[in-house]
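Enquirer: I am sharing start12.txt, which consists of compact mmCIF, C-alpha atoms:
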```txt
# COMPACT_ATOMS: atom_id res chain seq x y z
CA MET A 1 -15.37 9.03 71.11
CA SER A 2 -12.56 6.79 72.37
CA VAL A 3 -13.04 4.66 75.46
CA SER A 4 -10.86 5.08 78.50
CA ARG A 5 -7.73 2.96 78.32
CA PRO A 6 -5.75 1.63 81.32
CA THR A 7 -1.97 1.73 81.66
CA ASP A 8 -0.03 -1.18 80.11
CA THR A 9 2.94 -1.10 82.47
CA ARG A 10 4.92 -3.84 80.73
CA ASN A 11 4.90 -2.19 77.31
CA LEU A 12 5.41 1.23 78.87
CA ILE A 13 8.59 0.26 80.73
CA ALA A 14 10.04 -1.80 77.87
CA ALA A 15 9.44 0.86 75.22
CA CYS A 16 10.75 3.64 77.46
CA ALA A 17 13.92 1.66 78.24
CA ALA A 18 14.55 1.00 74.56
CA ILE A 19 13.98 4.55 73.36
CA THR A 20 16.20 5.90 76.13
CA VAL A 21 19.30 4.04 74.95
CA PHE A 22 18.57 4.98 71.35
CA GLY A 23 18.25 8.59 72.47
CA PHE A 24 21.77 8.46 73.88
CA ALA A 25 23.25 7.33 70.57
CA PHE A 26 21.12 9.79 68.59
CA GLY A 27 21.97 12.70 70.90
CA MET A 28 25.66 11.93 70.59
CA THR A 29 25.67 11.57 66.80
CA TYR A 30 24.51 15.08 65.89
CA PRO A 31 27.10 17.11 67.84
CA LEU A 32 29.84 14.50 67.32
CA LEU A 33 29.66 14.65 63.54
CA SER A 34 29.17 18.43 63.48
CA LEU A 35 32.21 19.03 65.70
CA ILE A 36 34.34 16.64 63.63
CA LEU A 37 33.37 18.48 60.43
CA GLU A 38 33.98 21.85 62.10
CA SER A 39 37.47 20.70 63.14
CA ARG A 40 38.18 19.79 59.51
CA GLY A 41 37.27 23.27 58.30
CA VAL A 42 33.92 22.38 56.72
CA PRO A 43 31.71 25.53 56.42
CA SER A 44 28.67 25.79 58.70
CA ASP A 45 26.23 25.73 55.79
CA MET A 46 27.72 22.44 54.55
CA ILE A 47 27.55 21.01 58.08
CA GLY A 48 23.86 21.90 58.10
CA ILE A 49 23.27 20.28 54.70
CA ASN A 50 25.06 17.11 55.83
CA SER A 51 22.96 17.05 59.03
CA ALA A 52 19.85 17.34 56.86
CA MET A 53 20.42 13.89 55.36
CA MET A 54 19.09 12.25 58.52
CA PRO A 55 15.69 13.99 58.34
CA ILE A 56 15.56 13.22 54.61
CA GLY A 57 15.93 9.54 55.54
CA ILE A 58 13.10 9.97 58.02
CA LEU A 59 10.94 11.53 55.31
CA LEU A 60 11.63 8.74 52.86
CA PHE A 61 10.90 5.89 55.25
CA SER A 62 8.31 7.02 57.80
CA SER A 63 5.31 6.27 55.59
CA VAL A 64 6.54 2.67 55.24
CA ILE A 65 6.66 2.03 58.99
CA PRO A 66 2.92 1.47 59.67
CA VAL A 67 2.70 -0.92 56.70
CA ALA A 68 5.77 -2.87 57.81
CA ALA A 69 4.55 -2.99 61.42
CA LYS A 70 1.14 -4.30 60.38
CA ARG A 71 2.62 -6.97 58.09
CA PHE A 72 5.70 -8.19 59.98
CA GLY A 73 4.91 -7.16 63.54
CA ALA A 74 6.04 -3.93 65.17
CA ARG A 75 8.42 -5.69 67.54
CA ASN A 76 10.25 -7.55 64.74
CA VAL A 77 10.57 -4.37 62.69
CA ALA A 78 11.96 -2.46 65.69
CA ILE A 79 14.56 -5.13 66.49
CA THR A 80 15.76 -5.19 62.88
CA ALA A 81 16.02 -1.39 62.82
CA ALA A 82 18.05 -1.38 66.04
CA ILE A 83 20.57 -3.88 64.69
CA VAL A 84 21.01 -1.89 61.47
CA THR A 85 21.43 1.33 63.50
CA ALA A 86 24.29 -0.21 65.49
CA MET A 87 26.03 -1.15 62.24
CA VAL A 88 25.48 2.37 60.88
CA MET A 89 27.19 3.90 63.93
CA LEU A 90 30.36 1.94 63.18
CA SER A 91 30.21 2.70 59.47
CA TYR A 92 30.87 6.40 60.11
CA LYS A 93 34.42 5.52 61.08
CA VAL A 94 34.85 2.81 58.46
CA PHE A 95 33.84 5.22 55.67
CA ASP A 96 35.31 8.41 57.13
CA THR A 97 34.66 10.94 54.37
CA LEU A 98 32.16 13.76 53.99
CA THR A 99 30.71 12.20 50.84
CA ALA A 100 30.12 8.83 52.52
CA TRP A 101 28.55 10.52 55.54
CA PHE A 102 25.80 11.91 53.32
CA VAL A 103 24.71 8.36 52.48
CA ILE A 104 25.24 6.98 55.99
CA ARG A 105 23.19 9.72 57.62
CA LEU A 106 20.41 9.07 55.11
CA ILE A 107 20.31 5.40 56.15
CA GLN A 108 20.48 6.31 59.83
CA GLY A 109 17.47 8.57 59.38
CA MET A 110 15.50 5.59 58.06
CA THR A 111 16.41 3.31 60.97
CA ILE A 112 16.07 5.99 63.66
CA SER A 113 12.61 6.95 62.41
CA THR A 114 11.51 3.32 62.75
CA LEU A 115 12.74 3.10 66.33
CA PHE A 116 11.15 6.34 67.43
CA VAL A 117 7.81 5.89 65.64
CA LEU A 118 7.22 2.43 67.07
CA SER A 119 8.58 3.16 70.55
CA GLU A 120 6.62 6.38 70.95
CA SER A 121 3.41 4.77 69.70
CA TRP A 122 3.87 2.06 72.34
CA ILE A 123 4.55 4.66 75.03
CA VAL A 124 1.64 7.02 74.36
CA GLY A 125 -0.69 4.10 73.67
CA SER A 126 0.28 2.26 76.86
CA ALA A 127 -0.07 5.31 79.10
CA GLY A 128 -3.42 5.46 80.89
CA ASP A 129 -5.84 8.16 79.74
CA GLN A 130 -6.08 9.85 83.14
CA ASN A 131 -2.37 10.62 83.49
CA ARG A 132 -1.07 10.46 79.93
CA GLY A 133 0.41 13.96 79.97
CA LYS A 134 2.43 13.28 83.11
CA ILE A 135 3.57 9.83 81.89
CA VAL A 136 4.64 11.23 78.52
CA ALA A 137 6.44 14.04 80.36
CA ILE A 138 8.36 11.50 82.46
CA TYR A 139 9.27 9.66 79.26
CA ALA A 140 10.42 12.94 77.68
CA SER A 141 12.55 13.69 80.74
CA VAL A 142 14.22 10.28 80.69
CA LEU A 143 14.76 10.49 76.93
CA SER A 144 16.23 13.96 77.23
CA GLY A 145 18.57 12.72 79.94
CA SER A 146 19.92 10.16 77.51
CA PHE A 147 20.13 12.84 74.79
CA GLY A 148 22.08 15.10 77.12
CA ALA A 149 24.43 12.31 78.13
CA GLY A 150 25.65 12.08 74.54
CA PRO A 151 27.07 15.62 74.27
CA LEU A 152 28.27 15.38 77.87
CA LEU A 153 30.23 12.23 77.04
CA ILE A 154 31.84 14.00 74.08
CA SER A 155 33.11 16.71 76.42
CA PHE A 156 35.00 13.98 78.32
CA ILE A 157 36.20 11.59 75.58
CA GLY A 158 36.59 14.10 72.74
CA ILE A 159 35.85 13.51 69.07
CA GLU A 160 38.98 11.67 67.94
CA GLY A 161 39.33 7.98 67.14
CA TRP A 162 36.94 5.03 67.31
CA THR A 163 35.83 5.43 70.93
CA PRO A 164 32.66 7.55 70.50
CA PHE A 165 31.46 5.44 67.57
CA VAL A 166 32.04 2.12 69.36
CA ILE A 167 30.24 3.39 72.46
CA GLY A 168 27.30 4.53 70.35
CA ALA A 169 27.02 1.18 68.56
CA ALA A 170 27.26 -0.77 71.83
CA VAL A 171 24.52 1.28 73.46
CA VAL A 172 22.18 0.78 70.49
CA ALA A 173 22.82 -2.98 70.60
CA ILE A 174 21.83 -3.03 74.28
CA GLY A 175 18.59 -1.31 73.32
CA VAL A 176 17.43 -4.44 71.49
CA ILE A 177 16.91 -6.27 74.80
CA PRO A 178 13.84 -4.32 76.04
CA PHE A 179 12.05 -4.95 72.74
CA ILE A 180 11.90 -8.66 73.58
CA PHE A 181 9.40 -7.87 76.34
CA ILE A 182 7.04 -5.79 74.19
CA ARG A 183 3.53 -7.22 73.90
CA GLU A 184 2.13 -6.87 70.38
CA THR A 185 -1.30 -5.21 70.09
CA LEU A 186 -1.84 -4.53 66.38
CA HIS A 187 -2.96 -8.10 65.67
CA ASP A 188 -5.94 -7.55 67.98
CA GLU A 189 -7.41 -4.91 65.69
CA PRO A 190 -10.15 -5.55 63.10
CA GLU A 191 -8.86 -6.70 59.73
CA GLU A 192 -10.32 -3.63 57.99
CA THR A 193 -8.17 -1.34 60.15
CA ARG A 194 -5.25 -0.49 57.92
CA PRO A 195 -2.38 1.98 57.78
CA SER A 196 -2.99 5.35 56.15
CA GLY A 197 -0.71 8.12 54.93
CA ILE A 198 -0.01 11.58 56.27
CA PHE A 199 -2.52 13.13 53.83
CA ASP A 200 -5.29 11.10 55.46
CA PHE A 201 -4.09 11.91 58.98
CA ALA A 202 -3.22 15.62 58.59
CA PRO A 203 -6.84 16.93 58.49
CA LYS A 204 -7.52 15.15 61.78
CA ALA A 205 -4.79 16.95 63.72
CA PRO A 206 -3.30 19.89 61.78
CA MET A 207 -2.10 21.89 64.79
CA LEU A 208 -0.40 18.86 66.32
CA LEU A 209 1.57 18.42 63.11
CA ALA A 210 2.38 22.14 63.02
CA ALA A 211 3.69 21.93 66.59
CA VAL A 212 5.84 18.91 65.76
CA GLY A 213 7.24 20.69 62.70
CA THR A 214 8.16 23.73 64.77
CA PHE A 215 9.82 21.58 67.40
CA ALA A 216 11.73 19.71 64.68
CA VAL A 217 13.20 22.93 63.27
CA PHE A 218 14.44 23.81 66.74
CA ASP A 219 15.57 20.26 67.56
CA ALA A 220 17.67 19.69 64.44
CA ALA A 221 19.14 23.19 64.31
CA SER A 222 20.12 23.17 67.98
CA LEU A 223 21.56 19.64 67.96
CA SER A 224 23.61 20.17 64.82
CA LEU A 225 24.58 23.85 65.11
CA PHE A 226 24.45 25.05 68.72
CA PRO A 227 27.93 23.62 69.46
CA VAL A 228 29.19 25.40 66.34
CA TYR A 229 27.35 28.55 67.48
CA GLY A 230 29.24 28.39 70.78
CA ILE A 231 32.62 28.00 69.11
CA GLN A 232 31.94 30.91 66.73
CA ASN A 233 31.14 33.08 69.77
CA GLY A 234 34.45 32.36 71.47
CA LEU A 235 33.53 29.38 73.68
CA ASP A 236 35.87 26.39 73.94
CA LEU A 237 34.99 22.85 72.80
CA THR A 238 33.87 21.63 76.23
CA THR A 239 31.62 24.62 76.90
CA SER A 240 30.18 24.48 73.39
CA ALA A 241 29.28 20.80 73.76
CA ASN A 242 27.73 21.52 77.15
CA ILE A 243 25.38 24.08 75.59
CA LEU A 244 23.32 21.10 74.43
CA THR A 245 23.59 19.49 77.85
CA ALA A 246 22.17 22.62 79.50
CA LEU A 247 19.46 22.88 76.86
CA ILE A 248 18.40 19.29 77.42
CA LEU A 249 18.68 19.61 81.20
CA GLY A 250 15.51 21.69 81.19
CA ASN A 251 13.72 18.83 79.50
CA VAL A 252 15.07 16.37 82.04
CA LEU A 253 14.19 18.35 85.17
CA LEU A 254 11.10 20.34 84.25
CA GLN A 255 8.99 18.34 81.78
CA PHE A 256 6.73 16.97 84.51
CA PRO A 257 5.10 20.39 85.12
CA ILE A 258 4.51 20.63 81.35
CA GLY A 259 2.79 17.21 81.44
CA TRP A 260 0.76 18.21 84.48
CA PHE A 261 -0.40 21.37 82.72
CA SER A 262 -1.40 19.33 79.66
CA ASP A 263 -3.54 17.05 81.86
CA MET A 264 -5.18 20.01 83.61
CA PHE A 265 -5.60 22.64 80.89
CA PRO A 266 -6.46 22.75 77.15
CA HIS A 267 -3.55 21.55 75.06
CA ARG A 268 -3.65 24.55 72.75
CA MET A 269 -3.20 26.93 75.68
CA VAL A 270 -0.18 24.98 76.94
CA LEU A 271 1.30 24.84 73.42
CA ALA A 272 0.97 28.59 72.96
CA GLY A 273 2.58 29.28 76.34
CA CYS A 274 5.52 26.99 75.59
CA ALA A 275 6.04 28.52 72.14
CA LEU A 276 6.03 32.12 73.37
CA THR A 277 8.40 31.38 76.25
CA THR A 278 10.83 29.60 73.92
CA ALA A 279 10.80 32.52 71.49
CA ILE A 280 11.64 34.97 74.28
CA THR A 281 14.58 32.89 75.55
CA LEU A 282 15.96 32.53 72.03
CA LEU A 283 15.81 36.29 71.48
CA LEU A 284 17.68 36.87 74.76
CA LEU A 285 20.43 34.31 74.05
CA PRO A 286 22.74 36.54 71.92
CA ALA A 287 23.02 39.04 74.78
CA CYS A 288 23.88 36.28 77.28
CA ILE A 289 26.06 33.86 75.30
CA ASP A 290 29.32 35.15 76.80
CA SER A 291 28.03 35.33 80.39
CA VAL A 292 26.95 32.90 83.10
CA PHE A 293 23.31 33.89 82.50
CA LYS A 294 23.25 31.73 79.38
CA TRP A 295 22.96 28.56 81.48
CA PRO A 296 19.59 29.23 83.20
CA LEU A 297 18.32 30.71 79.94
CA LEU A 298 19.22 27.51 78.07
CA VAL A 299 17.56 25.37 80.75
CA LEU A 300 14.30 27.32 80.42
CA MET A 301 14.60 27.20 76.63
CA GLY A 302 14.94 23.43 76.75
CA THR A 303 11.96 23.09 79.08
CA THR A 304 9.49 24.93 76.87
CA GLY A 305 11.09 24.21 73.50
CA TYR A 306 10.91 20.45 73.99
CA GLY A 307 7.68 20.85 75.94
CA VAL A 308 5.90 21.57 72.66
CA TYR A 309 6.59 17.98 71.61
CA THR A 310 5.58 16.57 75.00
CA VAL A 311 2.15 18.21 74.78
CA SER A 312 1.75 17.07 71.17
CA LEU A 313 2.49 13.45 72.07
CA ALA A 314 0.06 13.50 74.99
CA SER A 315 -2.66 14.92 72.76
CA LEU A 316 -1.98 12.28 70.11
CA GLY A 317 -2.39 9.50 72.67
CA ASN A 318 -5.61 11.02 73.98
CA ARG A 319 -7.21 11.12 70.55
CA PHE A 320 -5.98 7.99 68.74
CA SER A 321 -5.23 4.30 69.39
CA GLY A 322 -4.03 1.13 67.64
CA ILE A 323 -2.83 1.35 64.06
CA GLU A 324 -4.25 4.89 63.85
CA LEU A 325 -1.87 5.82 66.65
CA VAL A 326 1.00 4.32 64.63
CA ASN A 327 -0.26 6.32 61.64
CA GLY A 328 -0.17 9.44 63.78
CA SER A 329 3.31 8.66 65.09
CA ALA A 330 4.51 8.08 61.53
CA SER A 331 2.95 11.38 60.46
CA PHE A 332 4.75 13.04 63.37
CA ALA A 333 8.00 11.54 62.08
CA ILE A 334 7.37 12.74 58.54
CA VAL A 335 6.63 16.28 59.71
CA TRP A 336 9.63 16.10 62.04
CA GLY A 337 11.69 15.13 58.99
CA PHE A 338 10.46 18.15 57.03
CA GLY A 339 11.03 20.45 59.97
CA ALA A 340 14.44 19.03 60.75
CA LEU A 341 15.45 19.35 57.11
CA ILE A 342 14.43 23.00 57.16
CA GLY A 343 16.10 23.55 60.53
CA SER A 344 19.42 21.99 59.59
CA VAL A 345 19.74 23.79 56.26
CA SER A 346 18.21 27.17 57.15
CA GLY A 347 20.14 27.29 60.43
CA GLY A 348 23.42 26.94 58.58
CA TRP A 349 22.37 29.54 56.00
CA ALA A 350 21.26 31.95 58.74
CA MET A 351 24.65 31.71 60.44
CA LEU A 352 26.46 32.14 57.14
CA GLY A 353 24.35 35.05 55.87
CA PHE A 354 23.47 36.95 59.06
CA GLY A 355 26.24 35.96 61.46
CA SER A 356 26.11 33.37 64.21
CA HIS A 357 23.24 35.13 66.04
CA GLY A 358 21.02 34.55 63.02
CA LEU A 359 20.50 31.02 64.39
CA PRO A 360 18.62 31.84 67.64
CA ILE A 361 16.77 34.78 66.08
CA GLY A 362 15.51 32.63 63.20
CA LEU A 363 14.37 29.89 65.59
CA ALA A 364 12.53 32.48 67.70
CA LEU A 365 10.53 33.59 64.66
CA VAL A 366 9.45 30.00 64.01
CA TYR A 367 8.10 29.63 67.56
CA ILE A 368 6.31 32.98 67.33
CA LEU A 369 4.53 31.77 64.19
CA LEU A 370 3.43 28.61 66.00
CA ALA A 371 2.07 30.57 68.95
CA LEU A 372 0.11 32.87 66.66
CA GLY A 373 -1.28 29.90 64.72
CA VAL A 374 -2.39 28.08 67.87
CA ILE A 375 -4.02 31.19 69.32
CA LYS A 376 -5.80 31.92 66.04
CA ARG A 377 -7.17 28.37 65.81
CA GLN A 378 -8.32 28.47 69.44
CA LEU A 379 -10.21 31.71 68.78
CA ARG A 380 -11.87 30.13 65.73
CA MET A 381 -12.92 27.10 67.77
CA ARG A 382 -14.51 29.39 70.36
CA GLU A 383 -16.40 31.30 67.65
CA ARG A 384 -17.81 28.06 66.23
CA HIS A 385 -19.08 26.97 69.65
CA ALA A 386 -20.36 30.41 70.61
```
Rewrite the structure from the file as C-alpha cells, please.

Expert:
Amino acid sequence: MSVSRPTDTRNLIAACAAITVFGFAFGMTYPLLSLILESRGVPSDMIGINSAMMPIGILLFSSVIPVAAKRFGARNVAITAAIVTAMVMLSYKVFDTLTAWFVIRLIQGMTISTLFVLSESWIVGSAGDQNRGKIVAIYASVLSGSFGAGPLLISFIGIEGWTPFVIGAAVVAIGVIPFIFIRETLHDEPEETRPSGIFDFAPKAPMLLAAVGTFAVFDAASLSLFPVYGIQNGLDLTTSANILTALILGNVLLQFPIGWFSDMFPHRMVLAGCALTTAITLLLLPACIDSVFKWPLLVLMGTTGYGVYTVSLASLGNRFSGIELVNGSASFAIVWGFGALIGSVSGGWAMLGFGSHGLPIGLALVYILLALGVIKRQLRMRERHA
C-alpha cells in the first residue's frame, strides 16, 4: 500500500500554470484547422482523418516520454517540447497545404503528448492524498477554461491570416516560464525503478484506461467535428465555434462537484454516473440543436463527459507515484491517442454515412459501453469479496 503524500504546492502551481497555457493553444488548434478546411470545401471525413494525425503522433511518442524523462530530466524534456510546439504552431501557416498539415499535426501530437504527460504527472503526484479529487477537479476546470478560450477567441478574430497562429505560438512560448520552477523528483527514486510500457501497466488499471479511451473518443470528435456539426445543422460560424465553448464551460464551472464525489464515493460509481449522464445528453442533442435548450444541455454534457477523465486522473494519483505515475500518465496518453484516433475518424465517417446526427448518437453509444463495463466490473469485485 502507498503511504500518504502531502501536497507539493510549488510543483502543483507551476505545472498547472504551464498546462493551462498549453491547453489554450491546443483547444484553439482543433477547431481552427477544422473550420479552415471546412471553408475550403474539404469533406468532413477527410477533416476527421487529418485531425487523427495528432493522436497518431501521441501514440508514436508517448512510450518514449518516461524513458526520456528518466534520462534527461522531466523538466528539460518538457521545456524542449514546449519550444518545438511553438514552432509547430507557426509552421501551419508557413506550409499552408492539406498535405503538409498531415505531417505537422503528427509532430504536434508528439510534442503535445510530452507536455501533457509530464504536467499531469506532476499535478496528480503533487496533490495531497486527502483532497486529490478536488485538486484535480480544480486543475481540470482551469485547463478547460483555457481550452474554451481558444474557440471563443476564434469567434472574435476569425480564421483568416496569421493572427490565430501567432497568438497560439506566443502563448505556448509563455508556458515555458512555469517549468523553470518545477522541482525534479524522479532522481530521488531507487535506481532499480525504471520506466515500463503500457502492456506492463494495463493489467494494473484496466478500467482507468478504458475510461480514458472513452473520454478520448468524445474529446477528439467534439473538438474537431462539433463546429462542423453546427454548421451542417444551419448554425453560423460564431455559434458553431461557441458550441465548444459551452461544452467546455461545464468543465470549467462544475468539475469541483465531480472531484468532491470522487473523494467521497467509490471511483467506479462516479465513473458510471458520469458516463450514463453524458450518453443521455448526447442522445438529446439532435432534438435541441436548433433551439436555446442546446446550451444547458452542452454544459451538462461537458461536465460529465470531461468528468470521466477527472475521476480517472484522481484515481491514478491515489494508486501510483514516482516513475510509475509517469508510466501511468504515458499509458493514459497512449490510450487517449487510440481513442482520439478512433473518435476523429469514426466521427467523420458517422456524419458522412448517417448524416450529421450520427456524431452525437455514436458518441452516446461509446459512453453507454463504458458505463456497462464499469458496472459489470464493480459487480465482479463485490462477488469476489462476498

Enquirer: Counting all atoms listed in the file, figure out which residue out of A:Ala15, A:Val270, A:Leu143, A:Ala81 gets nearest to Ile248 in chain A.

Expert: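 Checking each of A:Ala15, A:Val270, A:Leu143, A:Ala81 against Ile248 in chain A, counting all atoms listed in the file, the winner is A:Leu143.
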
Enquirer: Which residue, A:Met28, A:Cys16, A:Ala205, A:Val366, has the smallest gap to Phe179 in chain A when you use all atoms listed in the file?

Expert: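 For Phe179 in chain A, the nearest of the given residues is A:Cys16.
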
Enquirer: Do you have the CA of Val308 in chain A-CA of Leu235 in chain A distance handy?

Expert: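 Computing it gives 28.7 Å between the two atoms.
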
Enquirer: Which is closest to Arg75 in chain A among A:Pro178, A:Gly322, A:Gly362, A:Pro203, if we use only C-alpha atoms?

Expert: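 Looking only at the distances to Arg75 in chain A, the closest residue turns out to be A:Pro178.
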
Enquirer: Report as a list of chain:residue names all protein, DNA and RNA residues lying within 7 Å of range 342-346 of chain A, evaluated on all atoms listed in the file, omitting residues in the same chain fewer than 2 positions from it.

Expert: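 The neighbour list is A:Asp45, A:Gly48, A:Ile49, A:Ser51, A:Ala52, A:Val217, A:Phe218, A:Ala220, A:Ala221, A:Ser224, A:Phe338, A:Gly339, A:Ala340, A:Gly348, A:Trp349, A:Ala350.
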
Enquirer: Find the distance between CA of Leu60 in chain A and CA of Leu33 in chain A and write it in Å to one decimal.

Expert: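 Separation of CA of Leu60 in chain A and CA of Leu33 in chain A: 21.8 Å.
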
Enquirer: Choose the residue, out of A:Ala241, A:Leu209, A:Ile135, A:Met301, that has the smallest atom-to-atom separation from Ile123 in chain A; count all atoms listed in the file.

Expert: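 For Ile123 in chain A, the nearest of the given residues is A:Ile135.
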